[in-house]
$ cat start26.pdb   # PDB, C-alpha atoms and all ligand atoms
ATOM      1  CA  MET A   1      39.215 -69.964  -0.800
ATOM      2  CA  GLU A   2      38.998 -67.394  -3.612
ATOM      3  CA  GLN A   3      35.553 -68.764  -4.392
ATOM      4  CA  LYS A   4      34.428 -68.373  -0.792
ATOM      5  CA  LYS A   5      35.723 -64.785  -0.639
ATOM      6  CA  LYS A   6      33.864 -63.967  -3.830
ATOM      7  CA  ALA A   7      30.631 -65.482  -2.501
ATOM      8  CA  VAL A   8      30.890 -63.460   0.733
ATOM      9  CA  LEU A   9      31.620 -60.307  -1.257
ATOM     10  CA  TYR A  10      28.694 -60.840  -3.604
ATOM     11  CA  THR A  11      26.282 -61.719  -0.809
ATOM     12  CA  GLY A  12      27.437 -58.700   1.251
ATOM     13  CA  GLY A  13      27.191 -56.422  -1.788
ATOM     14  CA  GLY A  14      23.786 -57.790  -2.632
ATOM     15  CA  LEU A  15      22.562 -57.284   0.911
ATOM     16  CA  LEU A  16      23.924 -53.743   0.999
ATOM     17  CA  PHE A  17      22.247 -52.993  -2.305
ATOM     18  CA  GLY A  18      18.958 -54.425  -1.036
ATOM     19  CA  VAL A  19      19.070 -52.391   2.150
ATOM     20  CA  CYS A  20      19.937 -49.200   0.216
ATOM     21  CA  PHE A  21      17.126 -49.910  -2.224
ATOM     22  CA  LEU A  22      14.610 -50.324   0.569
ATOM     23  CA  PHE A  23      15.820 -47.095   2.213
ATOM     24  CA  MET A  24      15.480 -45.306  -1.084
ATOM     25  CA  LEU A  25      11.919 -46.539  -1.526
ATOM     26  CA  TYR A  26      10.957 -45.573   2.011
ATOM     27  CA  PHE A  27      12.551 -42.117   2.142
ATOM     28  CA  GLY A  28      11.668 -41.352  -1.444
ATOM     29  CA  LYS A  29       8.025 -41.955  -0.616
ATOM     30  CA  GLU A  30       8.286 -39.894   2.584
ATOM     31  CA  THR A  31       9.861 -37.015   0.675
ATOM     32  CA  PHE A  32       7.743 -36.915  -2.404
ATOM     33  CA  TYR A  33       4.412 -38.275  -1.339
ATOM     34  CA  VAL A  34       2.040 -35.388  -0.642
ATOM     35  CA  GLU A  35      -0.658 -36.442   1.735
ATOM     36  CA  GLY A  36      -4.175 -35.968   0.502
ATOM     37  CA  THR A  37      -3.077 -35.171  -3.042
ATOM     38  CA  GLU A  38      -6.294 -34.592  -4.916
ATOM     39  CA  PRO A  39      -6.976 -36.600  -8.023
ATOM     40  CA  THR A  40      -6.641 -34.641 -11.234
ATOM     41  CA  ALA A  41      -9.503 -32.402 -12.249
ATOM     42  CA  GLN A  42      -9.923 -34.381 -15.479
ATOM     43  CA  THR A  43     -11.843 -37.140 -13.747
ATOM     44  CA  TYR A  44     -14.411 -34.627 -12.526
ATOM     45  CA  ASP A  45     -17.259 -32.778 -14.200
ATOM     46  CA  TYR A  46     -16.122 -29.389 -12.892
ATOM     47  CA  HIS A  47     -13.186 -27.903 -11.059
ATOM     48  CA  PHE A  48     -14.049 -25.071  -8.658
ATOM     49  CA  ALA A  49     -11.777 -23.069  -6.385
ATOM     50  CA  LEU A  50     -12.733 -22.004  -2.872
ATOM     51  CA  ILE A  51     -10.433 -19.297  -1.521
ATOM     52  CA  THR A  52     -10.968 -18.781   2.199
ATOM     53  CA  GLU A  53      -9.958 -15.843   4.381
ATOM     54  CA  GLU A  54      -7.958 -18.089   6.728
ATOM     55  CA  THR A  55      -7.381 -21.811   6.402
ATOM     56  CA  GLY A  56      -6.797 -22.270  10.134
ATOM     57  CA  ASN A  57     -10.070 -20.591  11.141
ATOM     58  CA  ALA A  58     -12.823 -22.879  12.482
ATOM     59  CA  TYR A  59     -15.554 -20.747  10.906
ATOM     60  CA  TRP A  60     -14.003 -21.039   7.438
ATOM     61  CA  GLN A  61     -13.425 -24.739   7.961
ATOM     62  CA  MET A  62     -17.197 -25.146   8.345
ATOM     63  CA  ILE A  63     -17.778 -23.458   4.986
ATOM     64  CA  GLU A  64     -15.042 -25.580   3.424
ATOM     65  CA  GLN A  65     -16.271 -28.886   4.809
ATOM     66  CA  SER A  66     -19.826 -28.462   3.631
ATOM     67  CA  ALA A  67     -18.669 -27.182   0.239
ATOM     68  CA  LYS A  68     -16.391 -30.220  -0.115
ATOM     69  CA  ALA A  69     -19.134 -32.631   0.883
ATOM     70  CA  THR A  70     -21.573 -31.082  -1.592
ATOM     71  CA  ALA A  71     -18.926 -31.097  -4.320
ATOM     72  CA  ALA A  72     -18.164 -34.765  -3.677
ATOM     73  CA  ASP A  73     -21.871 -35.605  -4.075
ATOM     74  CA  HIS A  74     -21.868 -34.071  -7.536
ATOM     75  CA  ASN A  75     -18.582 -35.297  -9.006
ATOM     76  CA  ILE A  76     -17.013 -31.874  -8.627
ATOM     77  CA  TYR A  77     -13.373 -31.282  -7.793
ATOM     78  CA  LEU A  78     -13.222 -28.500  -5.225
ATOM     79  CA  GLU A  79      -9.782 -27.069  -4.689
ATOM     80  CA  SER A  80      -9.744 -25.219  -1.408
ATOM     81  CA  MET A  81      -6.988 -22.845  -0.386
ATOM     82  CA  GLY A  82      -6.203 -19.601   1.397
ATOM     83  CA  PRO A  83      -3.649 -17.915   3.614
ATOM     84  CA  ARG A  84      -3.037 -19.490   7.030
ATOM     85  CA  LYS A  85      -3.540 -16.078   8.634
ATOM     86  CA  ALA A  86      -5.800 -13.433   7.080
ATOM     87  CA  ASN A  87      -3.994 -11.757   4.208
ATOM     88  CA  PRO A  88      -6.173 -10.119   1.512
ATOM     89  CA  GLU A  89      -3.172  -9.594  -0.787
ATOM     90  CA  GLU A  90      -2.565 -13.325  -0.846
ATOM     91  CA  VAL A  91      -6.243 -13.999  -1.523
ATOM     92  CA  LEU A  92      -6.092 -11.656  -4.526
ATOM     93  CA  ARG A  93      -2.916 -13.314  -5.818
ATOM     94  CA  THR A  94      -4.509 -16.740  -5.462
ATOM     95  CA  MET A  95      -7.587 -15.527  -7.323
ATOM     96  CA  ASP A  96      -5.373 -14.460 -10.192
ATOM     97  CA  GLN A  97      -3.627 -17.833 -10.198
ATOM     98  CA  MET A  98      -6.967 -19.628 -10.284
ATOM     99  CA  ILE A  99      -8.013 -17.552 -13.287
ATOM    100  CA  ALA A 100      -4.746 -18.533 -14.985
ATOM    101  CA  ALA A 101      -5.443 -22.167 -14.085
ATOM    102  CA  ASN A 102      -8.785 -21.768 -15.866
ATOM    103  CA  VAL A 103     -10.943 -23.282 -13.153
ATOM    104  CA  ASP A 104     -14.694 -23.509 -13.803
ATOM    105  CA  GLY A 105     -15.658 -21.153 -11.000
ATOM    106  CA  ILE A 106     -14.236 -19.198  -8.056
ATOM    107  CA  ILE A 107     -15.883 -18.943  -4.640
ATOM    108  CA  THR A 108     -14.399 -16.362  -2.317
ATOM    109  CA  GLN A 109     -15.027 -13.474   0.071
ATOM    110  CA  GLY A 110     -15.863 -10.092  -1.459
ATOM    111  CA  LEU A 111     -12.883  -7.803  -0.839
ATOM    112  CA  PRO A 112     -12.693  -4.015  -0.782
ATOM    113  CA  GLY A 113     -10.600  -2.131  -3.342
ATOM    114  CA  PRO A 114     -10.173  -1.929  -7.114
ATOM    115  CA  ARG A 115      -7.997  -5.031  -7.458
ATOM    116  CA  PHE A 116     -10.877  -7.307  -6.509
ATOM    117  CA  LEU A 117     -13.188  -5.548  -8.996
ATOM    118  CA  ASP A 118     -10.578  -5.982 -11.748
ATOM    119  CA  LEU A 119     -10.030  -9.634 -10.970
ATOM    120  CA  VAL A 120     -13.755 -10.377 -11.111
ATOM    121  CA  VAL A 121     -13.908  -8.684 -14.526
ATOM    122  CA  LYS A 122     -10.867 -10.689 -15.637
ATOM    123  CA  ALA A 123     -12.434 -13.931 -14.399
ATOM    124  CA  ASN A 124     -15.667 -13.175 -16.269
ATOM    125  CA  GLU A 125     -13.712 -12.427 -19.433
ATOM    126  CA  HIS A 126     -12.268 -15.919 -19.140
ATOM    127  CA  GLY A 127     -15.765 -17.337 -18.676
ATOM    128  CA  ILE A 128     -15.150 -18.028 -14.972
ATOM    129  CA  PRO A 129     -18.029 -16.988 -12.704
ATOM    130  CA  VAL A 130     -17.194 -15.598  -9.271
ATOM    131  CA  VAL A 131     -19.523 -16.215  -6.342
ATOM    132  CA  THR A 132     -18.890 -14.340  -3.091
ATOM    133  CA  VAL A 133     -19.512 -16.010   0.261
ATOM    134  CA  ASP A 134     -19.550 -14.633   3.804
ATOM    135  CA  SER A 135     -18.920 -11.048   2.695
ATOM    136  CA  ASP A 136     -20.287  -9.383  -0.397
ATOM    137  CA  MET A 137     -18.894  -6.822  -2.793
ATOM    138  CA  PRO A 138     -22.062  -5.810  -4.691
ATOM    139  CA  GLU A 139     -20.190  -3.198  -6.760
ATOM    140  CA  SER A 140     -18.241  -6.000  -8.409
ATOM    141  CA  GLU A 141     -19.436  -8.156 -11.270
ATOM    142  CA  ARG A 142     -19.670 -11.223  -9.046
ATOM    143  CA  THR A 143     -22.514 -13.442 -10.164
ATOM    144  CA  ALA A 144     -24.027 -14.080  -6.744
ATOM    145  CA  TYR A 145     -23.524 -13.534  -3.031
ATOM    146  CA  ILE A 146     -24.260 -16.346  -0.598
ATOM    147  CA  GLY A 147     -24.122 -15.531   3.089
ATOM    148  CA  THR A 148     -25.434 -13.527   5.991
ATOM    149  CA  ASP A 149     -27.188 -10.230   5.516
ATOM    150  CA  ASN A 150     -24.424  -8.581   7.509
ATOM    151  CA  TYR A 151     -26.199  -5.273   8.058
ATOM    152  CA  GLU A 152     -29.247  -7.110   9.355
ATOM    153  CA  SER A 153     -27.110  -9.266  11.684
ATOM    154  CA  GLY A 154     -25.591  -6.158  13.295
ATOM    155  CA  TYR A 155     -29.043  -4.613  13.568
ATOM    156  CA  LEU A 156     -30.262  -7.729  15.391
ATOM    157  CA  ALA A 157     -27.398  -7.415  17.874
ATOM    158  CA  GLY A 158     -28.362  -3.778  18.524
ATOM    159  CA  GLU A 159     -32.004  -4.688  19.107
ATOM    160  CA  GLU A 160     -30.970  -7.443  21.490
ATOM    161  CA  LEU A 161     -28.851  -5.033  23.512
ATOM    162  CA  ILE A 162     -31.758  -2.591  23.745
ATOM    163  CA  ARG A 163     -34.111  -5.361  24.871
ATOM    164  CA  GLU A 164     -31.813  -6.998  27.400
ATOM    165  CA  THR A 165     -30.246  -4.035  29.177
ATOM    166  CA  LYS A 166     -31.479  -1.196  31.356
ATOM    167  CA  GLY A 167     -29.930   2.173  32.071
ATOM    168  CA  LYS A 168     -26.891   3.770  30.511
ATOM    169  CA  GLN A 169     -24.888   1.467  28.227
ATOM    170  CA  SER A 170     -21.410   2.444  27.086
ATOM    171  CA  VAL A 171     -20.585  -0.054  24.391
ATOM    172  CA  GLY A 172     -17.173  -1.240  23.242
ATOM    173  CA  ILE A 173     -17.071  -2.986  19.867
ATOM    174  CA  ILE A 174     -14.410  -5.593  19.112
ATOM    175  CA  THR A 175     -14.302  -6.158  15.390
ATOM    176  CA  GLY A 176     -12.348  -8.633  13.269
ATOM    177  CA  ASN A 177     -10.891  -6.109  10.896
ATOM    178  CA  VAL A 178     -12.063  -2.582  10.159
ATOM    179  CA  GLU A 179     -11.277  -3.073   6.458
ATOM    180  CA  SER A 180     -13.569  -6.098   6.043
ATOM    181  CA  LEU A 181     -16.844  -5.298   4.371
ATOM    182  CA  ASN A 182     -18.909  -7.668   6.491
ATOM    183  CA  GLN A 183     -17.475  -6.211   9.706
ATOM    184  CA  GLN A 184     -18.266  -2.678   8.531
ATOM    185  CA  GLN A 185     -21.834  -3.666   7.701
ATOM    186  CA  ARG A 186     -22.360  -5.376  11.058
ATOM    187  CA  ILE A 187     -21.181  -2.261  12.894
ATOM    188  CA  LYS A 188     -23.336  -0.062  10.684
ATOM    189  CA  GLY A 189     -26.436  -2.174  11.368
ATOM    190  CA  PHE A 190     -25.715  -2.139  15.096
ATOM    191  CA  GLU A 191     -25.240   1.630  15.163
ATOM    192  CA  GLU A 192     -28.418   2.115  13.182
ATOM    193  CA  ALA A 193     -30.437   0.008  15.622
ATOM    194  CA  ILE A 194     -29.297   1.987  18.670
ATOM    195  CA  LYS A 195     -29.166   5.413  17.066
ATOM    196  CA  ASN A 196     -32.422   6.682  18.579
ATOM    197  CA  VAL A 197     -31.854   5.148  21.991
ATOM    198  CA  GLU A 198     -30.249   7.847  24.089
ATOM    199  CA  ARG A 199     -29.061   5.632  26.921
ATOM    200  CA  ILE A 200     -26.850   3.562  24.575
ATOM    201  CA  GLU A 201     -23.703   4.834  22.917
ATOM    202  CA  VAL A 202     -20.645   3.271  21.272
ATOM    203  CA  VAL A 203     -17.530   4.584  23.016
ATOM    204  CA  ASP A 204     -14.804   2.714  21.129
ATOM    205  CA  ILE A 205     -14.126   0.228  18.337
ATOM    206  CA  LYS A 206     -10.972  -1.895  18.310
ATOM    207  CA  GLN A 207      -9.653  -4.613  16.004
ATOM    208  CA  SER A 208      -8.920  -8.211  16.936
ATOM    209  CA  ASN A 209      -7.361  -9.189  13.594
ATOM    210  CA  ILE A 210      -9.805 -12.105  13.758
ATOM    211  CA  THR A 211      -7.773 -13.819  16.468
ATOM    212  CA  GLU A 212      -8.800 -14.822  19.976
ATOM    213  CA  VAL A 213      -5.699 -13.329  21.534
ATOM    214  CA  GLY A 214      -6.186 -10.123  19.526
ATOM    215  CA  ALA A 215      -9.748  -9.861  20.845
ATOM    216  CA  ALA A 216      -8.588 -10.477  24.438
ATOM    217  CA  GLN A 217      -5.922  -7.764  24.154
ATOM    218  CA  ALA A 218      -8.269  -5.306  22.478
ATOM    219  CA  THR A 219     -10.872  -5.873  25.198
ATOM    220  CA  TYR A 220      -8.366  -5.453  27.985
ATOM    221  CA  SER A 221      -6.875  -2.241  26.650
ATOM    222  CA  MET A 222     -10.294  -0.843  25.728
ATOM    223  CA  ILE A 223     -11.658  -1.306  29.229
ATOM    224  CA  LYS A 224      -8.497   0.151  30.742
ATOM    225  CA  GLN A 225      -8.970   3.185  28.553
ATOM    226  CA  HIS A 226     -12.736   3.526  29.141
ATOM    227  CA  SER A 227     -13.610   2.337  32.611
ATOM    228  CA  ASN A 228     -17.284   3.161  31.960
ATOM    229  CA  ILE A 229     -17.710   0.375  29.363
ATOM    230  CA  ASN A 230     -20.507  -1.915  30.517
ATOM    231  CA  ALA A 231     -21.446  -3.639  27.255
ATOM    232  CA  LEU A 232     -19.367  -5.363  24.584
ATOM    233  CA  PHE A 233     -20.241  -6.501  21.092
ATOM    234  CA  GLY A 234     -17.876  -8.806  19.184
ATOM    235  CA  THR A 235     -18.448  -8.826  15.441
ATOM    236  CA  SER A 236     -16.464 -11.869  14.270
ATOM    237  CA  ALA A 237     -16.255 -15.525  15.249
ATOM    238  CA  LEU A 238     -13.402 -15.417  17.770
ATOM    239  CA  ASP A 239     -14.125 -11.998  19.256
ATOM    240  CA  GLY A 240     -16.627 -13.168  21.865
ATOM    241  CA  ILE A 241     -14.222 -15.848  23.124
ATOM    242  CA  GLY A 242     -11.404 -13.279  23.376
ATOM    243  CA  MET A 243     -13.719 -10.747  25.034
ATOM    244  CA  VAL A 244     -14.436 -13.189  27.853
ATOM    245  CA  GLN A 245     -10.695 -13.711  28.408
ATOM    246  CA  GLY A 246     -10.009  -9.969  28.345
ATOM    247  CA  VAL A 247     -12.768  -9.292  30.873
ATOM    248  CA  GLU A 248     -11.621 -12.124  33.142
ATOM    249  CA  GLU A 249      -8.196 -10.521  33.406
ATOM    250  CA  MET A 250      -9.848  -7.548  35.077
ATOM    251  CA  THR A 251     -10.968  -9.192  38.274
ATOM    252  CA  VAL A 252     -12.489  -6.611  40.627
ATOM    253  CA  TRP A 253     -15.233  -5.505  38.407
ATOM    254  CA  GLU A 254     -18.767  -6.323  37.389
ATOM    255  CA  ARG A 255     -18.819  -8.069  34.057
ATOM    256  CA  PRO A 256     -20.313  -6.177  31.117
ATOM    257  CA  TYR A 257     -23.268  -7.352  29.058
ATOM    258  CA  MET A 258     -21.641  -9.305  26.204
ATOM    259  CA  ILE A 259     -22.949 -10.263  22.813
ATOM    260  CA  ALA A 260     -20.792 -12.322  20.470
ATOM    261  CA  PHE A 261     -20.878 -13.538  16.895
ATOM    262  CA  ASP A 262     -21.175 -17.077  15.502
ATOM    263  CA  THR A 263     -21.782 -20.417  17.098
ATOM    264  CA  LEU A 264     -18.401 -22.120  17.353
ATOM    265  CA  PRO A 265     -18.463 -24.815  20.074
ATOM    266  CA  GLU A 266     -16.401 -22.612  22.420
ATOM    267  CA  THR A 267     -18.881 -19.753  22.057
ATOM    268  CA  ILE A 268     -21.807 -22.042  22.812
ATOM    269  CA  ASN A 269     -19.880 -23.335  25.808
ATOM    270  CA  LEU A 270     -19.443 -19.780  27.102
ATOM    271  CA  LEU A 271     -23.169 -19.177  26.691
ATOM    272  CA  GLU A 272     -23.792 -22.257  28.805
ATOM    273  CA  GLN A 273     -21.443 -20.965  31.497
ATOM    274  CA  GLU A 274     -23.262 -17.633  31.327
ATOM    275  CA  LYS A 275     -20.056 -15.830  30.456
ATOM    276  CA  LEU A 276     -21.665 -14.538  27.291
ATOM    277  CA  ASP A 277     -25.242 -13.258  27.116
ATOM    278  CA  ALA A 278     -26.063 -13.905  23.477
ATOM    279  CA  THR A 279     -24.500 -14.615  20.117
ATOM    280  CA  ILE A 280     -25.539 -13.881  16.563
ATOM    281  CA  ALA A 281     -25.762 -17.094  14.550
ATOM    282  CA  GLN A 282     -24.662 -17.364  10.959
ATOM    283  CA  TYR A 283     -24.970 -20.523   8.892
ATOM    284  CA  PRO A 284     -21.567 -21.274   7.339
ATOM    285  CA  GLU A 285     -22.558 -24.819   6.340
ATOM    286  CA  GLU A 286     -25.419 -23.414   4.292
ATOM    287  CA  MET A 287     -23.008 -20.992   2.643
ATOM    288  CA  GLY A 288     -20.658 -23.783   1.547
ATOM    289  CA  LYS A 289     -23.470 -25.979   0.281
ATOM    290  CA  GLN A 290     -25.347 -23.258  -1.591
ATOM    291  CA  ALA A 291     -22.142 -21.910  -3.124
ATOM    292  CA  ILE A 292     -21.461 -25.260  -4.806
ATOM    293  CA  GLN A 293     -25.085 -25.688  -5.882
ATOM    294  CA  THR A 294     -25.083 -22.202  -7.377
ATOM    295  CA  MET A 295     -21.811 -22.767  -9.205
ATOM    296  CA  ARG A 296     -23.207 -25.988 -10.569
ATOM    297  CA  ASP A 297     -26.357 -24.241 -11.785
ATOM    298  CA  LEU A 298     -24.195 -21.630 -13.471
ATOM    299  CA  GLN A 299     -22.362 -24.315 -15.446
ATOM    300  CA  SER A 300     -25.647 -25.427 -16.959
ATOM    301  CA  GLN A 301     -26.526 -21.821 -17.823
ATOM    302  CA  ALA A 302     -29.349 -21.771 -15.295
ATOM    303  CA  ASN A 303     -30.408 -18.446 -13.859
ATOM    304  CA  VAL A 304     -29.287 -18.021 -10.301
ATOM    305  CA  GLU A 305     -30.552 -15.770  -7.539
ATOM    306  CA  PRO A 306     -27.876 -13.061  -7.172
ATOM    307  CA  LEU A 307     -28.552 -12.425  -3.468
ATOM    308  CA  GLN A 308     -28.863 -15.554  -1.338
ATOM    309  CA  HIS A 309     -29.043 -14.727   2.349
ATOM    310  CA  THR A 310     -28.456 -17.758   4.521
ATOM    311  CA  GLY A 311     -30.198 -16.437   7.630
ATOM    312  CA  THR A 312     -29.168 -14.973  10.948
ATOM    313  CA  ASP A 313     -30.574 -15.400  14.455
ATOM    314  CA  VAL A 314     -29.991 -14.317  18.031
ATOM    315  CA  ILE A 315     -29.051 -17.274  20.242
ATOM    316  CA  ARG A 316     -29.262 -16.866  24.018
ATOM    317  CA  SER A 317     -28.874 -20.398  25.363
ATOM    318  CA  VAL A 318     -27.473 -23.799  24.509
ATOM    319  CA  LYS A 319     -30.951 -25.261  24.523
ATOM    320  CA  GLN A 320     -32.152 -22.719  21.998
ATOM    321  CA  TRP A 321     -29.153 -23.518  19.790
ATOM    322  CA  GLU A 322     -29.699 -27.255  20.045
ATOM    323  CA  ASP A 323     -33.404 -26.925  19.214
ATOM    324  CA  HIS A 324     -32.409 -24.735  16.342
ATOM    325  CA  SER A 325     -29.862 -27.141  14.918
ATOM    326  CA  SER A 326     -32.056 -30.252  15.190
TER
HETATM  327  C1  LIG A 401     -16.933 -13.673   9.743
HETATM  328  C2  LIG A 401     -15.775 -14.053   8.858
HETATM  329  C3  LIG A 401     -14.479 -14.060   9.631
HETATM  330  C4  LIG A 401     -14.611 -14.897  10.865
HETATM  331  C5  LIG A 401     -13.339 -14.740  11.662
HETATM  332  C6  LIG A 401     -16.964 -14.504  10.992
HETATM  333  O1  LIG A 401     -17.932 -13.982  11.842
HETATM  334  O2  LIG A 401     -18.160 -13.839   9.070
HETATM  335  O3  LIG A 401     -15.670 -13.130   7.810
HETATM  336  O4  LIG A 401     -13.449 -14.563   8.829
HETATM  337  O5  LIG A 401     -15.715 -14.465  11.642
HETATM  338  O6  LIG A 401     -13.227 -15.607  12.729
END

$ encode --input "start26.pdb" --output "structure tokens"
Amino acid sequence: MEQKKKAVLYTGGGLLFGVCFLFMLYFGKETFYVEGTEPTAQTYDYHFALITEETGNAYWQMIEQSAKATAADHNIYLESMGPRKANPEEVLRTMDQMIAANVDGIITQGLPGPRFLDLVVKANEHGIPVVTVDSDMPESERTAYIGTDNYESGYLAGEELIRETKGKQSVGIITGNVESLNQQQRIKGFEEAIKNVERIEVVDIKQSNITEVGAAQATYSMIKQHSNINALFGTSALDGIGMVQGVEEMTVWERPYMIAFDTLPETINLLEQEKLDATIAQYPEEMGKQAIQTMRDLQSQANVEPLQHTGTDVIRSVKQWEDHSS
């Protein structure tokens, strides 16, 4: 009897132990396993950091994806990071951390203010080249800029408005962020293009904080404030999409002439539905690819072109965009 009791006890204990062990393995893995953990940099030739303006932004994801693909082709470990929502302070902090981590190169947006200048100097002192993408900061010691000629892209938008409209145009500009250098340059180029055309004037500029909902709200309140607005120009990737929503909320009213920025699928869709008149194309995939190639060249001491403009075009229809992309 005693024997039997013992056997039951041991079997039960053993089973309990087994079950607990399995639970431990399962939950331990769930808790500590980090999905997509990158292999260590040691197995790679170089370790670069890409710091984006916003990780959740479709435009930045295009830059990231092409940079990652190019890096993978060349045995490069590309660590990509950034704030979820635009936050220049966090970008600067991350830059500093990447310098401390002694990466082989940093790819990021040029930012206004002395802290960025200092960090680029610090990176260079550590032998870490900095390449700016999307937005330049030429006053800094960055090694190269790869991206749109932002002044030129705004100028193109201004020329398009002149060509495609007749009569008095009161223009509202929806911009991502008034502090961003690329947004300032786009507005400057636009204003320069229309400056000698008397029938066109900019009546207001509002910020969207590079969000769709921000652009919709800015558009709505701008039109409420200036009922004479009959043209809109959105200077960052989600502004055009938000502008359409803002305008649609104001039903009894003829829609303004609208020119957007970038070629996200939703923007192209709105062109097809004729809810937008044109958009200014940038080439984020080119930016990502060329940034990695340039960083790679820099590692082998090759001379690199300091100003690499990736092109900009006016797109008026889906067909034109498709022909362009093929
Ligand atoms: C700009 C980026 C910005 C993005 C926001 C693009 O047009 O080039 O700087 O982060 O729009 O959606």

$ resolve_selection --input "start26.pdb" --expression "the PyMOL selection byres (((not hetatm)) within 6 of (chain A and resi 401))" --output "PyMOL selection string"
chain A and resi 53+59+134+210+236-238+261-262

$ resolve_selection --input "start26.pdb" --expression "the PyMOL selection byres (((chain A and resi 88) around 12) and not hetatm)" --output "VMD selection string"
chain A and resid 51 to 54 82 to 87 89 to 95 108 to 113 115 to 116 177 179 to 180

$ write_last_selection --input "start26.pdb" --atoms "C-alpha atoms" --output "mmCIF file, in the coordinates of the input"
data_model
loop_
_atom_site.group_PDB
_atom_site.id
_atom_site.type_symbol
_atom_site.label_atom_id
_atom_site.label_comp_id
_atom_site.auth_asym_id
_atom_site.auth_seq_id
_atom_site.Cartn_x
_atom_site.Cartn_y
_atom_site.Cartn_z
ATOM 1 C CA ILE A 51 -10.433 -19.297 -1.521
ATOM 2 C CA THR A 52 -10.968 -18.781 2.199
ATOM 3 C CA GLU A 53 -9.958 -15.843 4.381
ATOM 4 C CA GLU A 54 -7.958 -18.089 6.728
ATOM 5 C CA GLY A 82 -6.203 -19.601 1.397
ATOM 6 C CA PRO A 83 -3.649 -17.915 3.614
ATOM 7 C CA ARG A 84 -3.037 -19.490 7.030
ATOM 8 C CA LYS A 85 -3.540 -16.078 8.634
ATOM 9 C CA ALA A 86 -5.800 -13.433 7.080
ATOM 10 C CA ASN A 87 -3.994 -11.757 4.208
ATOM 11 C CA GLU A 89 -3.172 -9.594 -0.787
ATOM 12 C CA GLU A 90 -2.565 -13.325 -0.846
ATOM 13 C CA VAL A 91 -6.243 -13.999 -1.523
ATOM 14 C CA LEU A 92 -6.092 -11.656 -4.526
ATOM 15 C CA ARG A 93 -2.916 -13.314 -5.818
ATOM 16 C CA THR A 94 -4.509 -16.740 -5.462
ATOM 17 C CA MET A 95 -7.587 -15.527 -7.323
ATOM 18 C CA THR A 108 -14.399 -16.362 -2.317
ATOM 19 C CA GLN A 109 -15.027 -13.474 0.071
ATOM 20 C CA GLY A 110 -15.863 -10.092 -1.459
ATOM 21 C CA LEU A 111 -12.883 -7.803 -0.839
ATOM 22 C CA PRO A 112 -12.693 -4.015 -0.782
ATOM 23 C CA GLY A 113 -10.600 -2.131 -3.342
ATOM 24 C CA ARG A 115 -7.997 -5.031 -7.458
ATOM 25 C CA PHE A 116 -10.877 -7.307 -6.509
ATOM 26 C CA ASN A 177 -10.891 -6.109 10.896
ATOM 27 C CA GLU A 179 -11.277 -3.073 6.458
ATOM 28 C CA SER A 180 -13.569 -6.098 6.043
#

$ axis_aligned_box --input "start26.pdb" --around "region 249-259 of chain A" --padding-each-side "4 Å" --output "JSON"
{"center_x": -15.7, "center_y": -8.0, "center_z": 31.7, "size_x": 23.1, "size_y": 13.0, "size_z": 25.8}

$ atom_distance --input "start26.pdb" --atom1 "CA of His324 (chain A)" --atom2 "CA of Leu232 (chain A)"
24.8 Å

$ resolve_selection --input "start26.pdb" --expression "the PyMOL selection byres (((chain A and resi 127) around 12) and not hetatm)" --output "PyMOL selection string"
chain A and resi 99-100+102-106+120-126+128-130+143+298-299+301

$ closest_residue --input "start26.pdb" --among "A:Pro114, A:Asp323, A:Gln65, A:Glu159" --to "Glu141 (chain A)" --atoms "all atoms listed in the file"
A:Pro114

$ residues_around --input "start26.pdb" --residues "Gly246 (chain A)" --least-positions-apart "3" --cutoff "7 Å" --atoms "all atoms listed in the file" --output "PDB file with C-alpha atoms, keeping the file's coordinate frame"
ATOM      1  CA  ALA A 216      -8.588 -10.477  24.438  1.00  0.00           C
ATOM      2  CA  GLN A 217      -5.922  -7.764  24.154  1.00  0.00           C
ATOM      3  CA  THR A 219     -10.872  -5.873  25.198  1.00  0.00           C
ATOM      4  CA  TYR A 220      -8.366  -5.453  27.985  1.00  0.00           C
ATOM      5  CA  GLY A 242     -11.404 -13.279  23.376  1.00  0.00           C
ATOM      6  CA  MET A 243     -13.719 -10.747  25.034  1.00  0.00           C
ATOM      7  CA  GLU A 249      -8.196 -10.521  33.406  1.00  0.00           C
TER       8      GLU A 249
END

$ residues_around --input "start26.pdb" --residues "Met287 (chain A)" --least-positions-apart "2" --cutoff "10 Å" --atoms "all atoms listed in the file" --output "JSON, numbers by chain"
{"A": [62, 63, 64, 66, 67, 132, 133, 134, 145, 146, 147, 148, 282, 283, 284, 285, 289, 290, 291, 292, 293, 308, 309, 310, 311]}

$ residues_around --input "start26.pdb" --residues "Glu274 (chain A)" --least-positions-apart "4" --cutoff "10 Å" --atoms "all atoms listed in the file" --output "PyMOL selection string"
chain A and resi 258+268-270+278+316-317

$ residues_around --input "start26.pdb" --residues "Val304 (chain A)" --least-positions-apart "5" --cutoff "8 Å" --atoms "all atoms listed in the file" --output "list in words"
Ala144, Thr294, Asp297 and Leu298 of chain A
